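Participant: Once you've had a glance at the structure underneath, I'll fire off some questions.
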Amino acid sequence: MERVYTIKQARLLAGLTQEKTAAEMGISRDRYMKLEKNPELVTVGQAREISRITGIPFEQISFEYRERR
């Protein structure tokens, strides 16, 4: 079974900052932060961009909301 990562985990594994990821996506850091906190708001296009930028396959990134503990 393949490991599934949150958006934040994918970004950190790629060694990227929120600023760098947001810039690569063409959005503000604030907007990107909202997407990390609310992954259900990510569009399909944004999800594909996150996958491309992080190098982690689309299928291995969770874009579902998970309650934080």
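We label chains A, B, ... in the order they appear in the structure tokens, count residues from 1 in each chain, and number ligands from 1 in the order shown.
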Find the residues around Gln18 of chain A up to 9 Å (only C-alpha atoms counted), leave out those fewer than 3 positions away in its own chain, and share them as a tab-separated table (two decimals) with N, CA and C atoms, in the first residue's frame.

Facilitator:
chain	number	residue	atom	x	y	z
A	8	LYS	N	0.86	19.57	3.27
A	8	LYS	CA	2.01	20.07	4.03
A	8	LYS	C	3.14	19.06	4.05
A	11	ARG	N	4.88	19.01	0.72
A	11	ARG	CA	5.73	20.20	0.56
A	11	ARG	C	7.02	20.05	1.35
A	21	THR	N	6.41	27.42	-2.70
A	21	THR	CA	5.33	26.65	-3.30
A	21	THR	C	4.26	27.56	-3.87
A	22	ALA	N	3.89	28.58	-3.09
A	22	ALA	CA	2.88	29.54	-3.55
A	22	ALA	C	3.35	30.25	-4.82
A	23	ALA	N	4.61	30.67	-4.84
A	23	ALA	CA	5.16	31.35	-6.01
A	23	ALA	C	5.12	30.45	-7.24
A	29	ARG	N	1.04	33.60	-0.65
A	29	ARG	CA	1.35	32.71	0.46
A	29	ARG	C	0.12	32.51	1.33
A	30	ASP	N	-0.63	33.59	1.56
A	30	ASP	CA	-1.84	33.48	2.38
A	30	ASP	C	-2.84	32.50	1.76
A	32	TYR	N	-2.13	30.03	-0.26
A	32	TYR	CA	-1.57	28.69	-0.14
A	32	TYR	C	-1.76	28.14	1.28
A	33	MET	N	-1.55	28.98	2.29
A	33	MET	CA	-1.73	28.56	3.67
A	33	MET	C	-3.16	28.08	3.90

Participant: What's around Thr54 of chain A at 12 Å? Count only C-alpha atoms, leave out sequence neighbours fewer than 6 positions away in its own chain, and write the answer as a PyMOL selection string.

Facilitator: chain A and resi 5-18+20-22+24-25+47-48+60-61

Participant: Using only C-alpha atoms, which residue out of A:Ser28, A:Glu40, A:Glu19, A:Lys34 lies closest to Tyr65 of chain A?

Facilitator: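 Among the listed residues, the smallest separation from Tyr65 of chain A belongs to A:Glu40.
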
Participant: For atom CA of Val4 of chain A and atom CA of Gly26 of chain A, determine how far apart the two atoms are, in Å to one decimal place.

Facilitator: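 Pair atom CA of Val4 of chain A / atom CA of Gly26 of chain A returns 24.9 Å.
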
Participant: Would you please give, as number ranges by chain, all residues of chain A that DSSP assigns to alpha helix (DSSP H) based on the backbone?

Facilitator: A: 7-13, 18-25, 29-37, 44-54

Participant: Could you turn the residues from that selection into a file that holds C-alpha atoms, as a PDB file, in the first residue's frame?

Facilitator:
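Result written to selection10.pdb:
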ATOM      1  CA  ILE A   7      -0.296  18.782   1.295  1.00  0.00           C
ATOM      2  CA  LYS A   8       2.008  20.074   4.027  1.00  0.00           C
ATOM      3  CA  GLN A   9       3.857  16.764   4.307  1.00  0.00           C
ATOM      4  CA  ALA A  10       4.344  16.661   0.529  1.00  0.00           C
ATOM      5  CA  ARG A  11       5.726  20.200   0.564  1.00  0.00           C
ATOM      6  CA  LEU A  12       8.089  19.472   3.457  1.00  0.00           C
ATOM      7  CA  LEU A  13       9.335  16.232   1.862  1.00  0.00           C
ATOM      8  CA  GLN A  18       5.132  27.902   1.728  1.00  0.00           C
ATOM      9  CA  GLU A  19       6.452  30.990  -0.057  1.00  0.00           C
ATOM     10  CA  LYS A  20       8.268  28.985  -2.734  1.00  0.00           C
ATOM     11  CA  THR A  21       5.326  26.645  -3.296  1.00  0.00           C
ATOM     12  CA  ALA A  22       2.880  29.543  -3.549  1.00  0.00           C
ATOM     13  CA  ALA A  23       5.157  31.355  -6.013  1.00  0.00           C
ATOM     14  CA  GLU A  24       5.434  28.212  -8.167  1.00  0.00           C
ATOM     15  CA  MET A  25       1.634  27.974  -8.173  1.00  0.00           C
ATOM     16  CA  ARG A  29       1.352  32.708   0.463  1.00  0.00           C
ATOM     17  CA  ASP A  30      -1.840  33.479   2.381  1.00  0.00           C
ATOM     18  CA  ARG A  31      -3.937  31.652  -0.220  1.00  0.00           C
ATOM     19  CA  TYR A  32      -1.569  28.689  -0.136  1.00  0.00           C
ATOM     20  CA  MET A  33      -1.732  28.564   3.674  1.00  0.00           C
ATOM     21  CA  LYS A  34      -5.529  28.361   3.428  1.00  0.00           C
ATOM     22  CA  LEU A  35      -5.228  25.427   1.039  1.00  0.00           C
ATOM     23  CA  GLU A  36      -2.950  23.554   3.441  1.00  0.00           C
ATOM     24  CA  LYS A  37      -5.425  24.132   6.269  1.00  0.00           C
ATOM     25  CA  VAL A  44      -8.075  19.737  -9.566  1.00  0.00           C
ATOM     26  CA  GLY A  45      -5.682  22.059 -11.368  1.00  0.00           C
ATOM     27  CA  GLN A  46      -4.103  23.179  -8.103  1.00  0.00           C
ATOM     28  CA  ALA A  47      -3.808  19.556  -6.971  1.00  0.00           C
ATOM     29  CA  ARG A  48      -1.929  18.689 -10.142  1.00  0.00           C
ATOM     30  CA  GLU A  49       0.345  21.696  -9.640  1.00  0.00           C
ATOM     31  CA  ILE A  50       1.110  20.646  -6.057  1.00  0.00           C
ATOM     32  CA  SER A  51       1.928  17.164  -7.311  1.00  0.00           C
ATOM     33  CA  ARG A  52       4.214  18.530 -10.038  1.00  0.00           C
ATOM     34  CA  ILE A  53       5.963  20.981  -7.722  1.00  0.00           C
ATOM     35  CA  THR A  54       6.546  18.458  -4.934  1.00  0.00           C
TER      36      THR A  54
END
